[in-house]
file upload30.cif (mmCIF, N, CA and C atoms)
data_upload
loop_
_atom_site.label_atom_id
_atom_site.label_comp_id
_atom_site.auth_asym_id
_atom_site.auth_seq_id
_atom_site.Cartn_x
_atom_site.Cartn_y
_atom_site.Cartn_z
N MET A 356 -10.97 -8.17 -6.45
CA MET A 356 -9.86 -8.31 -5.52
C MET A 356 -10.22 -7.60 -4.23
N GLY A 357 -9.32 -7.62 -3.28
CA GLY A 357 -9.65 -7.13 -1.95
C GLY A 357 -9.71 -5.63 -1.82
N ASN A 358 -10.62 -5.19 -0.98
CA ASN A 358 -10.62 -3.80 -0.57
C ASN A 358 -11.31 -3.72 0.78
N CYS A 359 -11.02 -2.66 1.50
CA CYS A 359 -11.65 -2.43 2.79
C CYS A 359 -12.66 -1.32 2.62
N VAL A 360 -13.83 -1.52 3.14
CA VAL A 360 -14.83 -0.48 3.07
C VAL A 360 -14.48 0.55 4.15
N ALA A 361 -14.34 1.77 3.71
CA ALA A 361 -14.03 2.85 4.65
C ALA A 361 -15.34 3.34 5.24
N LYS A 362 -15.50 3.15 6.52
CA LYS A 362 -16.73 3.56 7.18
C LYS A 362 -16.57 5.02 7.62
N VAL A 363 -17.51 5.83 7.23
CA VAL A 363 -17.48 7.23 7.62
C VAL A 363 -18.57 7.43 8.66
N ASN A 364 -18.19 8.02 9.79
CA ASN A 364 -19.17 8.20 10.86
C ASN A 364 -20.04 9.43 10.61
N LEU A 365 -20.88 9.72 11.54
CA LEU A 365 -21.85 10.80 11.45
C LEU A 365 -21.21 12.15 11.18
N PHE A 366 -19.97 12.34 11.61
CA PHE A 366 -19.31 13.62 11.49
C PHE A 366 -18.43 13.70 10.25
N GLY A 367 -18.49 12.69 9.39
CA GLY A 367 -17.71 12.71 8.17
C GLY A 367 -16.29 12.20 8.34
N TYR A 368 -15.97 11.64 9.50
CA TYR A 368 -14.64 11.12 9.74
C TYR A 368 -14.61 9.62 9.53
N PHE A 369 -13.45 9.14 9.09
CA PHE A 369 -13.30 7.71 8.89
C PHE A 369 -13.23 7.03 10.24
N SER A 370 -13.94 5.92 10.37
CA SER A 370 -13.81 5.12 11.59
C SER A 370 -13.09 3.84 11.21
N GLN A 371 -12.37 3.31 12.14
CA GLN A 371 -11.56 2.13 11.85
C GLN A 371 -11.72 1.12 12.96
N PRO A 372 -11.37 -0.12 12.65
CA PRO A 372 -11.36 -1.11 13.73
C PRO A 372 -10.33 -0.69 14.77
N GLN A 373 -10.51 -1.12 15.99
CA GLN A 373 -9.52 -0.80 17.01
C GLN A 373 -8.18 -1.37 16.60
N ALA A 374 -7.23 -0.49 16.46
CA ALA A 374 -5.89 -0.92 16.02
C ALA A 374 -4.91 -0.74 17.15
N LYS A 375 -3.90 -1.58 17.15
CA LYS A 375 -2.83 -1.43 18.12
C LYS A 375 -2.04 -0.19 17.73
N ASP A 376 -1.74 0.66 18.68
CA ASP A 376 -1.04 1.89 18.37
C ASP A 376 0.46 1.76 18.64
N ASP A 377 0.94 0.52 18.72
CA ASP A 377 2.35 0.31 19.04
C ASP A 377 3.22 0.20 17.79
N ASP A 378 2.64 0.36 16.60
CA ASP A 378 3.45 0.24 15.40
C ASP A 378 3.67 1.63 14.80
N SER A 379 4.46 2.44 15.50
CA SER A 379 4.69 3.82 15.10
C SER A 379 5.43 3.93 13.77
N ASP A 380 6.11 2.87 13.36
CA ASP A 380 6.83 2.93 12.08
C ASP A 380 6.03 2.28 10.96
N HIS A 381 4.69 2.22 11.11
CA HIS A 381 3.87 1.55 10.10
C HIS A 381 3.97 2.22 8.74
N HIS A 382 4.29 3.50 8.68
CA HIS A 382 4.39 4.16 7.38
C HIS A 382 5.61 3.71 6.61
N VAL A 383 6.61 3.20 7.28
CA VAL A 383 7.83 2.77 6.61
C VAL A 383 7.51 1.69 5.59
N GLU A 384 6.68 0.72 5.97
CA GLU A 384 6.34 -0.34 5.04
C GLU A 384 5.39 0.14 3.95
N PHE A 385 4.58 1.14 4.23
CA PHE A 385 3.63 1.65 3.25
C PHE A 385 4.29 2.62 2.28
N ALA A 386 5.24 3.42 2.75
CA ALA A 386 5.86 4.44 1.91
C ALA A 386 7.36 4.16 1.77
N SER A 387 7.67 3.14 1.00
CA SER A 387 9.08 2.85 0.72
C SER A 387 9.30 2.98 -0.78
N GLY A 388 10.50 2.71 -1.23
CA GLY A 388 10.80 2.91 -2.65
C GLY A 388 10.72 4.39 -2.97
N ASN A 389 10.06 4.73 -4.07
CA ASN A 389 9.88 6.13 -4.46
C ASN A 389 8.50 6.65 -4.09
N VAL A 390 7.83 5.98 -3.16
CA VAL A 390 6.51 6.41 -2.71
C VAL A 390 6.70 7.52 -1.68
N GLN A 391 5.98 8.62 -1.88
CA GLN A 391 6.08 9.77 -0.98
C GLN A 391 4.81 9.88 -0.15
N LEU A 392 4.99 9.91 1.16
CA LEU A 392 3.87 10.00 2.09
C LEU A 392 3.39 11.45 2.18
N ILE A 393 2.11 11.64 1.98
CA ILE A 393 1.50 12.97 2.07
C ILE A 393 0.85 13.08 3.45
N THR A 394 1.28 14.08 4.22
CA THR A 394 0.76 14.23 5.57
C THR A 394 -0.02 15.53 5.77
N THR A 395 0.03 16.43 4.78
CA THR A 395 -0.72 17.68 4.88
C THR A 395 -1.29 18.03 3.51
N LYS A 396 -2.32 18.86 3.50
CA LYS A 396 -2.90 19.35 2.25
C LYS A 396 -1.85 20.20 1.52
N GLU A 397 -1.02 20.91 2.27
CA GLU A 397 0.03 21.74 1.66
C GLU A 397 1.05 20.89 0.92
N SER A 398 1.45 19.74 1.53
CA SER A 398 2.42 18.88 0.84
C SER A 398 1.79 18.25 -0.41
N TRP A 399 0.49 17.98 -0.36
CA TRP A 399 -0.24 17.48 -1.53
C TRP A 399 -0.16 18.52 -2.67
N ASP A 400 -0.51 19.76 -2.34
CA ASP A 400 -0.48 20.83 -3.34
C ASP A 400 0.92 21.02 -3.91
N GLN A 401 1.92 20.93 -3.04
CA GLN A 401 3.31 21.10 -3.47
C GLN A 401 3.72 19.98 -4.44
N LYS A 402 3.38 18.75 -4.11
CA LYS A 402 3.74 17.61 -4.97
C LYS A 402 3.01 17.69 -6.32
N LEU A 403 1.74 18.10 -6.30
CA LEU A 403 1.01 18.22 -7.56
C LEU A 403 1.61 19.31 -8.43
N GLU A 404 2.03 20.40 -7.81
CA GLU A 404 2.66 21.48 -8.57
C GLU A 404 4.00 21.02 -9.14
N GLN A 405 4.75 20.28 -8.34
CA GLN A 405 6.03 19.73 -8.79
C GLN A 405 5.81 18.78 -9.98
N ALA A 406 4.82 17.91 -9.87
CA ALA A 406 4.52 16.96 -10.95
C ALA A 406 4.10 17.71 -12.21
N ARG A 407 3.29 18.74 -12.05
CA ARG A 407 2.84 19.54 -13.19
C ARG A 407 4.05 20.16 -13.89
N GLY A 408 4.97 20.72 -13.11
CA GLY A 408 6.17 21.34 -13.66
C GLY A 408 7.08 20.34 -14.35
N ASP A 409 7.13 19.12 -13.83
CA ASP A 409 7.98 18.08 -14.40
C ASP A 409 7.27 17.28 -15.50
N GLY A 410 6.00 17.57 -15.73
CA GLY A 410 5.23 16.83 -16.74
C GLY A 410 4.98 15.38 -16.33
N LYS A 411 4.86 15.14 -15.02
CA LYS A 411 4.67 13.77 -14.53
C LYS A 411 3.20 13.46 -14.25
N ILE A 412 2.85 12.21 -14.47
CA ILE A 412 1.57 11.66 -14.03
C ILE A 412 1.72 11.38 -12.53
N VAL A 413 0.64 11.54 -11.78
CA VAL A 413 0.64 11.27 -10.34
C VAL A 413 -0.32 10.12 -10.08
N ILE A 414 0.12 9.18 -9.23
CA ILE A 414 -0.77 8.15 -8.73
C ILE A 414 -0.89 8.37 -7.23
N ALA A 415 -2.11 8.58 -6.77
CA ALA A 415 -2.38 8.81 -5.35
C ALA A 415 -3.07 7.59 -4.78
N ASN A 416 -2.42 6.95 -3.82
CA ASN A 416 -2.95 5.76 -3.17
C ASN A 416 -3.56 6.18 -1.83
N PHE A 417 -4.89 6.15 -1.75
CA PHE A 417 -5.58 6.42 -0.50
C PHE A 417 -5.70 5.09 0.23
N SER A 418 -5.07 5.01 1.39
CA SER A 418 -4.87 3.74 2.07
C SER A 418 -5.12 3.89 3.57
N ALA A 419 -5.11 2.77 4.27
CA ALA A 419 -5.26 2.78 5.73
C ALA A 419 -4.37 1.68 6.32
N THR A 420 -3.72 1.99 7.42
CA THR A 420 -2.79 1.04 8.02
C THR A 420 -3.50 -0.20 8.55
N TRP A 421 -4.80 -0.10 8.88
CA TRP A 421 -5.55 -1.23 9.43
C TRP A 421 -6.17 -2.10 8.34
N CYS A 422 -6.04 -1.70 7.09
CA CYS A 422 -6.69 -2.38 5.96
C CYS A 422 -5.79 -3.50 5.43
N GLY A 423 -6.26 -4.72 5.51
CA GLY A 423 -5.49 -5.89 5.05
C GLY A 423 -5.05 -5.80 3.60
N PRO A 424 -5.97 -5.56 2.66
CA PRO A 424 -5.56 -5.44 1.25
C PRO A 424 -4.55 -4.31 1.02
N CYS A 425 -4.67 -3.22 1.80
CA CYS A 425 -3.70 -2.11 1.68
C CYS A 425 -2.30 -2.59 2.06
N LYS A 426 -2.23 -3.39 3.11
CA LYS A 426 -0.95 -3.94 3.56
C LYS A 426 -0.36 -4.87 2.51
N VAL A 427 -1.22 -5.62 1.85
CA VAL A 427 -0.77 -6.58 0.83
C VAL A 427 -0.23 -5.84 -0.39
N ILE A 428 -0.89 -4.79 -0.82
CA ILE A 428 -0.48 -4.12 -2.06
C ILE A 428 0.64 -3.10 -1.84
N ALA A 429 0.87 -2.66 -0.60
CA ALA A 429 1.87 -1.63 -0.32
C ALA A 429 3.27 -1.98 -0.85
N PRO A 430 3.80 -3.19 -0.61
CA PRO A 430 5.13 -3.49 -1.14
C PRO A 430 5.16 -3.51 -2.67
N TYR A 431 4.07 -3.93 -3.28
CA TYR A 431 3.98 -3.97 -4.74
C TYR A 431 3.93 -2.54 -5.30
N TYR A 432 3.19 -1.67 -4.62
CA TYR A 432 3.11 -0.26 -5.01
C TYR A 432 4.51 0.37 -4.95
N SER A 433 5.27 0.02 -3.91
CA SER A 433 6.65 0.50 -3.79
C SER A 433 7.52 -0.01 -4.92
N GLU A 434 7.37 -1.29 -5.26
CA GLU A 434 8.13 -1.86 -6.38
C GLU A 434 7.80 -1.13 -7.68
N LEU A 435 6.52 -0.87 -7.90
CA LEU A 435 6.11 -0.17 -9.11
C LEU A 435 6.68 1.25 -9.15
N SER A 436 6.81 1.87 -7.97
CA SER A 436 7.36 3.23 -7.93
C SER A 436 8.81 3.26 -8.39
N GLU A 437 9.52 2.16 -8.19
CA GLU A 437 10.90 2.07 -8.64
C GLU A 437 10.97 1.67 -10.12
N LYS A 438 10.00 0.89 -10.55
CA LYS A 438 9.97 0.43 -11.94
C LYS A 438 9.56 1.54 -12.90
N TYR A 439 8.73 2.48 -12.41
CA TYR A 439 8.22 3.56 -13.25
C TYR A 439 8.61 4.92 -12.67
N PRO A 440 9.90 5.30 -12.79
CA PRO A 440 10.35 6.56 -12.19
C PRO A 440 9.78 7.81 -12.85
N SER A 441 9.17 7.67 -14.02
CA SER A 441 8.58 8.83 -14.70
C SER A 441 7.23 9.21 -14.11
N ILE A 442 6.75 8.43 -13.14
CA ILE A 442 5.46 8.69 -12.49
C ILE A 442 5.72 9.03 -11.02
N MET A 443 4.96 9.97 -10.48
CA MET A 443 5.07 10.33 -9.07
C MET A 443 4.05 9.48 -8.28
N PHE A 444 4.54 8.73 -7.31
CA PHE A 444 3.71 7.85 -6.49
C PHE A 444 3.50 8.49 -5.12
N LEU A 445 2.25 8.75 -4.77
CA LEU A 445 1.92 9.36 -3.48
C LEU A 445 1.08 8.40 -2.65
N LEU A 446 1.17 8.56 -1.34
CA LEU A 446 0.41 7.74 -0.40
C LEU A 446 -0.28 8.67 0.59
N ILE A 447 -1.58 8.49 0.74
CA ILE A 447 -2.37 9.28 1.68
C ILE A 447 -3.05 8.32 2.64
N ASP A 448 -2.81 8.51 3.93
CA ASP A 448 -3.47 7.71 4.97
C ASP A 448 -4.82 8.36 5.26
N VAL A 449 -5.90 7.64 4.96
CA VAL A 449 -7.25 8.21 5.12
C VAL A 449 -7.55 8.60 6.56
N ASP A 450 -6.88 7.98 7.52
CA ASP A 450 -7.13 8.31 8.92
C ASP A 450 -6.35 9.55 9.37
N GLU A 451 -5.23 9.82 8.72
CA GLU A 451 -4.45 11.01 9.07
C GLU A 451 -4.98 12.25 8.38
N LEU A 452 -5.48 12.10 7.18
CA LEU A 452 -6.03 13.23 6.42
C LEU A 452 -7.50 12.96 6.12
N THR A 453 -8.29 12.90 7.17
CA THR A 453 -9.69 12.50 7.01
C THR A 453 -10.49 13.48 6.17
N ASP A 454 -10.39 14.77 6.45
CA ASP A 454 -11.17 15.75 5.69
C ASP A 454 -10.77 15.72 4.22
N PHE A 455 -9.46 15.66 3.98
CA PHE A 455 -8.95 15.63 2.61
C PHE A 455 -9.44 14.37 1.89
N SER A 456 -9.33 13.22 2.56
CA SER A 456 -9.78 11.96 1.96
C SER A 456 -11.27 11.99 1.68
N THR A 457 -12.04 12.55 2.60
CA THR A 457 -13.49 12.65 2.41
C THR A 457 -13.80 13.50 1.18
N SER A 458 -12.99 14.54 0.94
CA SER A 458 -13.23 15.40 -0.22
C SER A 458 -13.00 14.64 -1.54
N TRP A 459 -12.26 13.53 -1.49
CA TRP A 459 -12.04 12.70 -2.67
C TRP A 459 -13.07 11.58 -2.77
N ASP A 460 -14.02 11.56 -1.83
CA ASP A 460 -15.13 10.60 -1.86
C ASP A 460 -14.64 9.15 -1.83
N ILE A 461 -13.71 8.87 -0.91
CA ILE A 461 -13.17 7.53 -0.77
C ILE A 461 -14.21 6.65 -0.10
N LYS A 462 -14.61 5.57 -0.78
CA LYS A 462 -15.60 4.63 -0.24
C LYS A 462 -14.95 3.35 0.25
N ALA A 463 -13.75 3.05 -0.25
CA ALA A 463 -13.04 1.83 0.12
C ALA A 463 -11.55 2.07 -0.04
N THR A 464 -10.77 1.29 0.69
CA THR A 464 -9.32 1.37 0.58
C THR A 464 -8.78 0.02 0.14
N PRO A 465 -7.72 -0.01 -0.64
CA PRO A 465 -7.07 1.15 -1.24
C PRO A 465 -7.85 1.67 -2.44
N THR A 466 -7.73 2.97 -2.67
CA THR A 466 -8.24 3.59 -3.89
C THR A 466 -7.09 4.35 -4.52
N PHE A 467 -6.85 4.09 -5.79
CA PHE A 467 -5.76 4.72 -6.53
C PHE A 467 -6.36 5.70 -7.54
N PHE A 468 -5.92 6.96 -7.47
CA PHE A 468 -6.32 7.97 -8.44
C PHE A 468 -5.14 8.26 -9.35
N PHE A 469 -5.41 8.34 -10.63
CA PHE A 469 -4.40 8.68 -11.63
C PHE A 469 -4.69 10.12 -12.08
N LEU A 470 -3.68 10.99 -11.92
CA LEU A 470 -3.88 12.41 -12.18
C LEU A 470 -2.88 12.93 -13.21
N ARG A 471 -3.37 13.80 -14.08
CA ARG A 471 -2.52 14.53 -15.01
C ARG A 471 -2.88 16.00 -14.85
N ASP A 472 -1.87 16.84 -14.60
CA ASP A 472 -2.10 18.27 -14.35
C ASP A 472 -3.13 18.48 -13.24
N GLY A 473 -3.08 17.62 -12.22
CA GLY A 473 -3.97 17.74 -11.08
C GLY A 473 -5.38 17.23 -11.30
N GLN A 474 -5.67 16.74 -12.50
CA GLN A 474 -7.02 16.26 -12.82
C GLN A 474 -7.05 14.74 -12.93
N GLU A 475 -8.07 14.14 -12.34
CA GLU A 475 -8.23 12.68 -12.40
C GLU A 475 -8.55 12.24 -13.82
N PHE A 476 -7.81 11.23 -14.31
CA PHE A 476 -8.15 10.65 -15.60
C PHE A 476 -8.40 9.15 -15.51
N ASP A 477 -8.11 8.55 -14.35
CA ASP A 477 -8.40 7.13 -14.15
C ASP A 477 -8.44 6.86 -12.66
N LYS A 478 -8.98 5.70 -12.31
CA LYS A 478 -9.16 5.34 -10.90
C LYS A 478 -9.22 3.83 -10.79
N LEU A 479 -8.71 3.31 -9.68
CA LEU A 479 -8.81 1.88 -9.39
C LEU A 479 -9.14 1.72 -7.92
N VAL A 480 -10.20 0.97 -7.63
CA VAL A 480 -10.58 0.68 -6.25
C VAL A 480 -10.26 -0.78 -5.98
N GLY A 481 -9.49 -1.02 -4.91
CA GLY A 481 -9.15 -2.38 -4.53
C GLY A 481 -7.70 -2.72 -4.81
N ALA A 482 -7.26 -3.81 -4.21
CA ALA A 482 -5.86 -4.25 -4.30
C ALA A 482 -5.69 -5.25 -5.44
N ASN A 483 -5.92 -4.80 -6.66
CA ASN A 483 -5.83 -5.66 -7.84
C ASN A 483 -4.48 -5.39 -8.52
N LYS A 484 -3.49 -6.22 -8.21
CA LYS A 484 -2.13 -6.00 -8.71
C LYS A 484 -2.05 -5.96 -10.24
N PRO A 485 -2.60 -6.95 -10.96
CA PRO A 485 -2.49 -6.90 -12.42
C PRO A 485 -3.14 -5.65 -13.02
N GLU A 486 -4.29 -5.27 -12.51
CA GLU A 486 -5.00 -4.10 -13.03
C GLU A 486 -4.23 -2.82 -12.71
N LEU A 487 -3.63 -2.76 -11.52
CA LEU A 487 -2.84 -1.59 -11.14
C LEU A 487 -1.66 -1.41 -12.10
N GLU A 488 -0.93 -2.49 -12.35
CA GLU A 488 0.22 -2.36 -13.25
C GLU A 488 -0.24 -2.05 -14.67
N LYS A 489 -1.34 -2.62 -15.09
CA LYS A 489 -1.87 -2.35 -16.43
C LYS A 489 -2.19 -0.85 -16.58
N LYS A 490 -2.83 -0.28 -15.57
CA LYS A 490 -3.18 1.14 -15.62
C LYS A 490 -1.94 2.02 -15.55
N ILE A 491 -0.94 1.60 -14.77
CA ILE A 491 0.31 2.37 -14.68
C ILE A 491 1.05 2.32 -16.02
N ALA A 492 1.11 1.14 -16.62
CA ALA A 492 1.77 1.01 -17.92
C ALA A 492 1.07 1.88 -18.96
N ALA A 493 -0.25 1.91 -18.94
CA ALA A 493 -1.01 2.75 -19.87
C ALA A 493 -0.73 4.23 -19.60
N ALA A 494 -0.61 4.58 -18.33
CA ALA A 494 -0.33 5.97 -17.96
C ALA A 494 1.05 6.42 -18.43
N THR A 495 2.03 5.51 -18.42
CA THR A 495 3.38 5.88 -18.86
C THR A 495 3.38 6.19 -20.35
N ASP A 496 2.46 5.61 -21.08
CA ASP A 496 2.37 5.91 -22.51
C ASP A 496 1.88 7.35 -22.74
N LEU A 497 1.27 7.93 -21.72
CA LEU A 497 0.76 9.30 -21.84
C LEU A 497 1.83 10.34 -21.51
N VAL A 498 2.93 9.89 -20.91
CA VAL A 498 3.99 10.82 -20.48
C VAL A 498 4.93 11.07 -21.63
N PRO A 499 5.11 12.33 -22.04
CA PRO A 499 6.08 12.62 -23.11
C PRO A 499 7.49 12.27 -22.64
N GLN A 500 8.24 11.64 -23.51
CA GLN A 500 9.61 11.25 -23.15
C GLN A 500 10.56 12.39 -23.44
N HIS A 501 11.24 12.88 -22.40
CA HIS A 501 12.22 13.96 -22.56
C HIS A 501 13.60 13.33 -22.67
N GLN A 502 14.23 13.49 -23.78
CA GLN A 502 15.58 12.93 -23.98
C GLN A 502 16.56 14.03 -24.22
#
call {"tool": "encode", "arguments": {"input": "upload30.cif", "output": "structure tokens"}}
result
Amino acid sequence: MGNCVAKVNLFGYFSQPQAKDDDSDHHVEFASGNVQLITTKESWDQKLEQARGDGKIVIANFSATWCGPCKVIAPYYSELSEKYPSIMFLLIDVDELTDFSTSWDIKATPTFFFLRDGQEFDKLVGANKPELEKKIAAATDLVPQHQ
């Protein structure tokens, strides 16, 4: 399925095609539903700590606003966030958090990391809707049900 190759320049920063900068509300379409936009390393740490305390699995979507497949999967990711409230859905823009994204060794967007207690246990590269839902459904089986 589709993915965008994230080009990293000589200095370790992501480079992107020239994008129009007139869509200041572009995150609205990417981070809707129960998807939470991560804009700082501190907010990432806070969300992971919150998920750990709540016993939640975290799915981190490393994405880019200029990436076609990312735009296609974003509404579906939002739908899944509402369908699976026991999972924390995060969104990281590789261009806004370049150093952080580079530390996760992102080679293409979108890349989805599945985390338990802050540790990666699964990963999906590309905008493959059936595979994404399959992995999310499998992850929900790992979450203890608190009744």
call {"tool": "resolve_selection", "arguments": {"input": "upload30.cif", "expression": "the PyMOL selection byres (((chain A and resi 480 and name CA) around 8) and name CA)", "output": "compact mmCIF listing (two decimals) with N, CA and C atoms, in the coordinates of the input"}}
result
# COMPACT_ATOMS: atom_id res chain seq x y z
N ASN A 358 -10.62 -5.19 -0.98
CA ASN A 358 -10.62 -3.80 -0.57
C ASN A 358 -11.31 -3.72 0.78
N ALA A 463 -13.75 3.05 -0.25
CA ALA A 463 -13.04 1.83 0.12
C ALA A 463 -11.55 2.07 -0.04
N THR A 464 -10.77 1.29 0.69
CA THR A 464 -9.32 1.37 0.58
C THR A 464 -8.78 0.02 0.14
N PRO A 465 -7.72 -0.01 -0.64
CA PRO A 465 -7.07 1.15 -1.24
C PRO A 465 -7.85 1.67 -2.44
N THR A 466 -7.73 2.97 -2.67
CA THR A 466 -8.24 3.59 -3.89
C THR A 466 -7.09 4.35 -4.52
N PHE A 467 -6.85 4.09 -5.79
CA PHE A 467 -5.76 4.72 -6.53
C PHE A 467 -6.36 5.70 -7.54
N LYS A 478 -8.98 5.70 -12.31
CA LYS A 478 -9.16 5.34 -10.90
C LYS A 478 -9.22 3.83 -10.79
N LEU A 479 -8.71 3.31 -9.68
CA LEU A 479 -8.81 1.88 -9.39
C LEU A 479 -9.14 1.72 -7.92
N GLY A 481 -9.49 -1.02 -4.91
CA GLY A 481 -9.15 -2.38 -4.53
C GLY A 481 -7.70 -2.72 -4.81
N ALA A 482 -7.26 -3.81 -4.21
CA ALA A 482 -5.86 -4.25 -4.30
C ALA A 482 -5.69 -5.25 -5.44
call {"tool": "atom_distance", "arguments": {"input": "upload30.cif", "atom1": "atom N of Phe417 (chain A)", "atom2": "CA of Lys438 (chain A)"}}
result
18.9 Å
call {"tool": "residues_around", "arguments": {"input": "upload30.cif", "residues": "region 418-421 of chain A", "least_positions_apart": "6", "cutoff": "5 Å", "atoms": "all atoms listed in the file", "output": "ChimeraX atom specification"}}
result
/A:447-449,465
call {"tool": "atom_distance", "arguments": {"input": "upload30.cif", "atom1": "atom C of Ile414 (chain A)", "atom2": "CA of Leu445 (chain A)"}}
result
4.8 Å
call {"tool": "closest_residue", "arguments": {"input": "upload30.cif", "among": "A:Phe476, A:Trp399, A:Trp459, A:Tyr431", "to": "Leu446 (chain A)", "atoms": "only C-alpha atoms"}}
result
A:Trp399
call {"tool": "resolve_selection", "arguments": {"input": "upload30.cif", "expression": "the PyMOL selection byres (((chain A and resi 494 and name CA) around 12) and name CA)", "output": "list of chain:residue names"}}
result
A:Lys411, A:Ile412, A:Val413, A:Ile414, A:Tyr439, A:Ser441, A:Ile442, A:Met443, A:Phe468, A:Phe469, A:Leu470, A:Arg471, A:Glu475, A:Phe476, A:Asp477, A:Lys478, A:Leu487, A:Glu488, A:Lys489, A:Lys490, A:Ile491, A:Ala492, A:Ala493, A:Thr495, A:Asp496, A:Leu497, A:Val498, A:Pro499
call {"tool": "atom_distance", "arguments": {"input": "upload30.cif", "atom1": "CA of Arg407 (chain A)", "atom2": "CA of Phe455 (chain A)"}}
result
20.1 Å
call {"tool": "closest_residue", "arguments": {"input": "upload30.cif", "among": "A:Ala406, A:Cys359, A:Leu452, A:Ile428", "to": "Thr394 (chain A)", "atoms": "all atoms listed in the file"}}
result
A:Leu452
